[in-house]
Amino acid sequence: MAEKFYFVVNEAAAGGNVAKLWPKIDQRLNQLNVTHSDFKTNFKGDAVRIAKKILAADSSKESVIVAVGGDGTLHEILNGCKQYYASHPSEHQVPITFLPVGSGNDFARAMKISDNWSVALDQILRVSSPQSLVVGEYQENLRGTHGYFINNFGIGLDATIVHDANHSQVKHSKIFGKFSYILAALHVIRTFKPVPTTVITDFERHHFNNGFLITTTNIPYFGGGVNIVPTASAHANNLDLVLIEKPSWKQITSFICHLLVKKHLNLKFVNHFSQKHFTIVTREKRFSQIDGEETPRQEFDVSFSTSSYPFWIK
Ligand SMILES: Nc1ncnc2c1ncn2[C@@H]1O[C@H](COP(=O)(O)OP(=O)(O)OP(=O)(O)O)[C@@H](O)[C@H]1O
């Protein structure tokens with residue numbers, strides 16, 4: 001077991017429910033005599049700063065940083081750690097892990113971390129050594145931005161769904177909130193304008209006039225449990241790109257039926273690339289989502305590659 005756990009708590013995750021949950025988790029940690037401290041995030045992006053602050057104070061071999069929230073919180077902690085070690089390359093890398101109590105927990109689903117916090121906490125406490133996992137790395141060539149993702153980077157359809165769902169009134173409804181993504185998806189599938197897209201791999205260049213779904217993934221799931229690439233794995237040193245051109249309703253129906261039996265990647269109109277490096281260029285403004293976090297509408301010239309980080313996960 002690690003000597004000290006640093007819990008980075010996003011009380012705003014799961015529609016604010018984590019604020020009510022954290023005292024129970026903290027009480028359980030005290031009952032179990034787990035040496036720990038907690039840091040609450042105060043605003044969007046704050047977990048990046050907190051992760052760097054923790055590492056600057058304690059980079060010991062016995063420490064672990066725990067994201068308490070959804071995928072967005074883990075995403076920020078990974079990026080904070082990566083930024084810290086970019087300027088401290090010789091230091092020991094403190095592993096990170098995840099207590100999935102947010103609403104988007106695709107990474108936990110992929111890594112078989114329980115969605116019951118108490119079971120997930122036991123899983124974390126039973127780990128005895130870190131394991132290195134593959135994470136996605138992106139370099140946005142038009143704006144010079146750079147970062148890492150644990151799950152996926154989507155341009156187009158999924159990103160527009162994330163945007164619409166995040167800005168819908170329904171999301172804040174106690175009863176209908178959980179349907180906000182389905183409602184947004186139904187609307188966006190009908191209205192999304194396809195985008196000309198070029199994919200450049202190490203050996204080839206492919207052009208698609210009507211890019212619709214353009215999702216690069218490191219794990220099987222996106223959008224809260226959709227098994228988009230069943231073979232994707234954070235243990236494999238590659239990323240998977242799924243690109244679908246604007247489909248007819250017949251193709252959408254066929255895609256959904258095949259998705260249910262995990263055969264959708266065999267469909268003729270579904271393009272699937274599995275590579276270590278590739279670049280995606282879109283010359284019209286669209287939204288993107290990175291681990292569920294939306295970015296503004298923009299054109300993209302983004303190069304993808306893989307990287308790795310130690311995770312405190314069995
Ligand atoms: N104190 C805070 N107030 C508001 N937002 C915050 C705060 N702390 C973190 N955030 C932001 O909350 C967002 C959602 O976090 P996260 O993905 O972990 O939870 P979630 O419940 O899965 O979220 P969602 O379903 O809304 O995407 C992230 O963009 C994060 O930066």
# chains A, B, ... in the order shown; residues from 1 in each chain; ligands from 1
call {"tool": "select_by_dssp", "arguments": {"residues": "segment 32-249 of chain A", "states": "strand (DSSP E)", "output": "ChimeraX atom specification"}}
result
/A:36-40,63-69,96-100,131-140,145-149,152-156,195-201,205-217,221-222,226-227,239-245
call {"tool": "closest_atom_pairs", "arguments": {"of": "chain A", "to": "ligand 1", "cutoff": "9 Å", "atoms": "only C-alpha atoms and all ligand atoms", "output": "tab-separated table"}}
result
residue	atom	partner	partner_atom_place_in_ligand_line	distance
A:Val9	CA	ligand 1	8 (N)	7.9
A:Asn10	CA	ligand 1	8 (N)	4.7
A:Glu11	CA	ligand 1	1 (N)	6.1
A:Ala12	CA	ligand 1	2 (C)	5.0
A:Ala13	CA	ligand 1	21 (O)	3.5
A:Ala14	CA	ligand 1	21 (O)	3.4
A:Gly15	CA	ligand 1	21 (O)	5.9
A:Gly16	CA	ligand 1	21 (O)	7.8
A:Asn17	CA	ligand 1	21 (O)	8.5
A:Val18	CA	ligand 1	21 (O)	8.4
A:Lys40	CA	ligand 1	1 (N)	7.2
A:Thr41	CA	ligand 1	8 (N)	4.4
A:Asn42	CA	ligand 1	1 (N)	3.6
A:Phe43	CA	ligand 1	2 (C)	3.9
A:Lys44	CA	ligand 1	31 (O)	3.2
A:Gly45	CA	ligand 1	31 (O)	4.5
A:Asp46	CA	ligand 1	8 (N)	6.3
A:Ala47	CA	ligand 1	9 (C)	7.0
A:Val48	CA	ligand 1	31 (O)	8.9
A:Ala67	CA	ligand 1	18 (O)	8.1
A:Val68	CA	ligand 1	18 (O)	7.4
A:Gly69	CA	ligand 1	18 (O)	4.2
A:Gly70	CA	ligand 1	18 (O)	3.2
A:Asp71	CA	ligand 1	17 (O)	4.5
A:Gly72	CA	ligand 1	17 (O)	3.2
A:Thr73	CA	ligand 1	18 (O)	3.8
A:Leu74	CA	ligand 1	18 (O)	6.7
A:His75	CA	ligand 1	18 (O)	8.0
A:Glu76	CA	ligand 1	31 (O)	7.2
A:Pro100	CA	ligand 1	22 (O)	8.4
A:Val101	CA	ligand 1	21 (O)	7.2
A:Gly102	CA	ligand 1	21 (O)	3.5
A:Ser103	CA	ligand 1	22 (O)	3.8
A:Gly104	CA	ligand 1	22 (O)	3.7
A:Asn105	CA	ligand 1	22 (O)	6.3
A:Val162	CA	ligand 1	27 (O)	8.3
A:Asn166	CA	ligand 1	26 (O)	6.9
A:Lys171	CA	ligand 1	26 (O)	8.8
A:Gly224	CA	ligand 1	25 (O)	8.9
A:Asp291	CA	ligand 1	17 (O)	7.8
A:Gly292	CA	ligand 1	27 (O)	5.8
A:Glu293	CA	ligand 1	29 (O)	5.8
A:Glu294	CA	ligand 1	29 (O)	8.4
call {"tool": "closest_atom_pairs", "arguments": {"of": "segment 111-223 of chain A", "to": "segment 242-252 of chain A", "cutoff": "8 Å", "atoms": "only C-alpha atoms", "output": "tab-separated table"}}
result
residue	atom	partner	partner_atom	distance
A:Pro194	CA	A:Lys246	CA	6.2
A:Phe208	CA	A:Glu245	CA	7.0
A:Asn209	CA	A:Glu245	CA	7.6
A:Asn210	CA	A:Glu245	CA	5.0
A:Gly211	CA	A:Glu245	CA	4.6
A:Phe212	CA	A:Glu245	CA	5.0
A:Leu213	CA	A:Ile244	CA	5.1
A:Ile214	CA	A:Leu243	CA	4.6
A:Thr215	CA	A:Val242	CA	5.4
A:Thr216	CA	A:Val242	CA	6.5
call {"tool": "residues_around", "arguments": {"residues": "Lys61 of chain A", "least_positions_apart": "3", "cutoff": "12 Å", "atoms": "only C-alpha atoms", "output": "number ranges by chain"}}
result
A: 1-5, 55, 58, 64-65, 91-95, 129-130, 310, 312
call {"tool": "write_last_selection", "arguments": {"atoms": "C-alpha atoms", "output": "PDB file, in the first residue's frame"}}
result
ATOM      1  CA  MET A   1       0.000   0.000   0.000  1.00  0.00           C
ATOM      2  CA  ALA A   2       1.097   3.583  -0.667  1.00  0.00           C
ATOM      3  CA  GLU A   3       2.080   5.715   2.332  1.00  0.00           C
ATOM      4  CA  LYS A   4       0.144   8.814   1.471  1.00  0.00           C
ATOM      5  CA  PHE A   5      -2.843   9.569  -0.736  1.00  0.00           C
ATOM      6  CA  LEU A  55       4.195  17.239  -6.840  1.00  0.00           C
ATOM      7  CA  ASP A  58       6.028  15.753  -2.363  1.00  0.00           C
ATOM      8  CA  VAL A  64      -0.444   8.606  -4.957  1.00  0.00           C
ATOM      9  CA  ILE A  65      -2.763  11.316  -6.331  1.00  0.00           C
ATOM     10  CA  GLU A  91      12.127  13.191 -10.589  1.00  0.00           C
ATOM     11  CA  HIS A  92      10.197  10.048  -9.625  1.00  0.00           C
ATOM     12  CA  GLN A  93       6.728  10.108 -11.252  1.00  0.00           C
ATOM     13  CA  VAL A  94       3.975   9.970  -8.633  1.00  0.00           C
ATOM     14  CA  PRO A  95       1.183   7.636  -9.855  1.00  0.00           C
ATOM     15  CA  SER A 129       2.556  -1.053  -7.225  1.00  0.00           C
ATOM     16  CA  PRO A 130       1.872   1.311 -10.123  1.00  0.00           C
ATOM     17  CA  PRO A 310       2.125   5.456 -14.058  1.00  0.00           C
ATOM     18  CA  TRP A 312      -2.211   3.247  -9.298  1.00  0.00           C
TER      19      TRP A 312
END
call {"tool": "atom_distance", "arguments": {"atom1": "atom CA of Ala236 of chain A", "atom2": "atom CA of Leu133 of chain A"}}
result
8.3 Å
call {"tool": "atom_distance", "arguments": {"atom1": "atom CA of Ala232 of chain A", "atom2": "atom CA of Asn151 of chain A"}}
result
10.2 Å
call {"tool": "closest_residue", "arguments": {"among": "A:Ser114, A:Asn30, A:Thr35, A:Asn238", "to": "Tyr6 of chain A", "atoms": "only C-alpha atoms"}}
result
A:Thr35
call {"tool": "select_by_dssp", "arguments": {"residues": "segment 128-178 of chain A", "states": "alpha helix (DSSP H)", "output": "list in words"}}
result
Leu157, Asp158, Ala159, Thr160, Ile161, Val162, His163, Asp164, Ala165 and Asn166 of chain A
call {"tool": "write_last_selection", "arguments": {"atoms": "C-alpha atoms", "output": "mmCIF file, in the first residue's frame"}}
result
data_model
loop_
_atom_site.group_PDB
_atom_site.id
_atom_site.type_symbol
_atom_site.label_atom_id
_atom_site.label_comp_id
_atom_site.auth_asym_id
_atom_site.auth_seq_id
_atom_site.Cartn_x
_atom_site.Cartn_y
_atom_site.Cartn_z
ATOM 1 C CA LEU A 157 -20.522 14.938 -33.932
ATOM 2 C CA ASP A 158 -19.602 13.767 -30.410
ATOM 3 C CA ALA A 159 -18.093 17.151 -29.581
ATOM 4 C CA THR A 160 -21.242 18.959 -30.716
ATOM 5 C CA ILE A 161 -23.362 16.574 -28.635
ATOM 6 C CA VAL A 162 -21.188 17.324 -25.566
ATOM 7 C CA HIS A 163 -21.563 21.057 -26.271
ATOM 8 C CA ASP A 164 -25.351 20.911 -26.714
ATOM 9 C CA ALA A 165 -25.857 18.664 -23.659
ATOM 10 C CA ASN A 166 -23.674 20.883 -21.447
#
call {"tool": "atom_distance", "arguments": {"atom1": "atom CA of Val188 of chain A", "atom2": "atom CA of Phe304 of chain A"}}
result
25.9 Å
call {"tool": "residues_around", "arguments": {"residues": "Ala56 of chain A", "least_positions_apart": "6", "cutoff": "10 Å", "atoms": "only C-alpha atoms", "output": "ChimeraX atom specification"}}
result
/A:50,84-85,88
call {"tool": "residues_around", "arguments": {"residues": "Phe222 of chain A", "least_positions_apart": "3", "cutoff": "8 Å", "atoms": "only C-alpha atoms", "output": "mmCIF file with C-alpha atoms, in the first residue's frame"}}
result
data_model
loop_
_atom_site.group_PDB
_atom_site.id
_atom_site.type_symbol
_atom_site.label_atom_id
_atom_site.label_comp_id
_atom_site.auth_asym_id
_atom_site.auth_seq_id
_atom_site.Cartn_x
_atom_site.Cartn_y
_atom_site.Cartn_z
ATOM 1 C CA ASP A 106 -15.619 6.013 -19.204
ATOM 2 C CA ASN A 151 -10.085 8.628 -23.121
ATOM 3 C CA ASN A 152 -10.818 10.410 -26.377
ATOM 4 C CA THR A 217 -9.776 7.057 -28.680
ATOM 5 C CA ILE A 219 -10.046 3.202 -24.602
ATOM 6 C CA GLY A 225 -20.454 3.921 -22.174
ATOM 7 C CA VAL A 226 -20.724 3.660 -25.978
ATOM 8 C CA ASN A 227 -18.346 0.829 -26.942
ATOM 9 C CA ILE A 228 -16.976 2.601 -30.012
#
call {"tool": "residues_around", "arguments": {"residues": "Phe300 of chain A", "least_positions_apart": "6", "cutoff": "9 Å", "atoms": "only C-alpha atoms", "output": "PyMOL selection string"}}
result
chain A and resi 140-143+155+280-286
call {"tool": "write_last_selection", "arguments": {"atoms": "N, CA and C atoms", "output": "PDB file, in the first residue's frame"}}
result
ATOM      1  N   GLU A 140      -1.767  20.633 -31.263  1.00  0.00           N
ATOM      2  CA  GLU A 140      -2.612  21.393 -32.181  1.00  0.00           C
ATOM      3  C   GLU A 140      -1.700  22.340 -32.956  1.00  0.00           C
ATOM      4  N   ASN A 141      -1.510  22.090 -34.262  1.00  0.00           N
ATOM      5  CA  ASN A 141      -0.480  22.822 -35.005  1.00  0.00           C
ATOM      6  C   ASN A 141      -0.896  24.248 -35.385  1.00  0.00           C
ATOM      7  N   LEU A 142      -2.194  24.550 -35.442  1.00  0.00           N
ATOM      8  CA  LEU A 142      -2.616  25.912 -35.809  1.00  0.00           C
ATOM      9  C   LEU A 142      -2.431  26.877 -34.654  1.00  0.00           C
ATOM     10  N   ARG A 143      -2.645  26.392 -33.431  1.00  0.00           N
ATOM     11  CA  ARG A 143      -2.574  27.279 -32.264  1.00  0.00           C
ATOM     12  C   ARG A 143      -1.404  26.955 -31.340  1.00  0.00           C
ATOM     13  N   ILE A 155     -13.715  15.328 -32.749  1.00  0.00           N
ATOM     14  CA  ILE A 155     -14.024  16.545 -33.502  1.00  0.00           C
ATOM     15  C   ILE A 155     -15.314  16.242 -34.241  1.00  0.00           C
ATOM     16  N   ILE A 280      -4.940  14.910 -38.104  1.00  0.00           N
ATOM     17  CA  ILE A 280      -6.276  15.174 -38.649  1.00  0.00           C
ATOM     18  C   ILE A 280      -6.359  16.664 -38.974  1.00  0.00           C
ATOM     19  N   VAL A 281      -6.791  16.960 -40.210  1.00  0.00           N
ATOM     20  CA  VAL A 281      -6.931  18.356 -40.622  1.00  0.00           C
ATOM     21  C   VAL A 281      -8.382  18.592 -41.027  1.00  0.00           C
ATOM     22  N   THR A 282      -9.017  19.583 -40.407  1.00  0.00           N
ATOM     23  CA  THR A 282     -10.373  19.987 -40.816  1.00  0.00           C
ATOM     24  C   THR A 282     -10.312  21.478 -41.082  1.00  0.00           C
ATOM     25  N   ARG A 283     -10.807  21.901 -42.261  1.00  0.00           N
ATOM     26  CA  ARG A 283     -10.668  23.315 -42.615  1.00  0.00           C
ATOM     27  C   ARG A 283     -11.966  24.105 -42.463  1.00  0.00           C
ATOM     28  N   GLU A 284     -12.823  23.658 -41.573  1.00  0.00           N
ATOM     29  CA  GLU A 284     -14.006  24.454 -41.219  1.00  0.00           C
ATOM     30  C   GLU A 284     -14.145  24.379 -39.713  1.00  0.00           C
ATOM     31  N   LYS A 285     -14.728  25.389 -39.101  1.00  0.00           N
ATOM     32  CA  LYS A 285     -14.813  25.446 -37.639  1.00  0.00           C
ATOM     33  C   LYS A 285     -15.830  24.443 -37.095  1.00  0.00           C
ATOM     34  N   ARG A 286     -15.374  23.648 -36.148  1.00  0.00           N
ATOM     35  CA  ARG A 286     -16.280  22.722 -35.457  1.00  0.00           C
ATOM     36  C   ARG A 286     -15.857  22.649 -33.988  1.00  0.00           C
TER      37      ARG A 286
END
call {"tool": "closest_residue", "arguments": {"among": "A:Met111, A:Ile96, A:Val229, A:Val302", "to": "His272 of chain A", "atoms": "only C-alpha atoms"}}
result
A:Val229
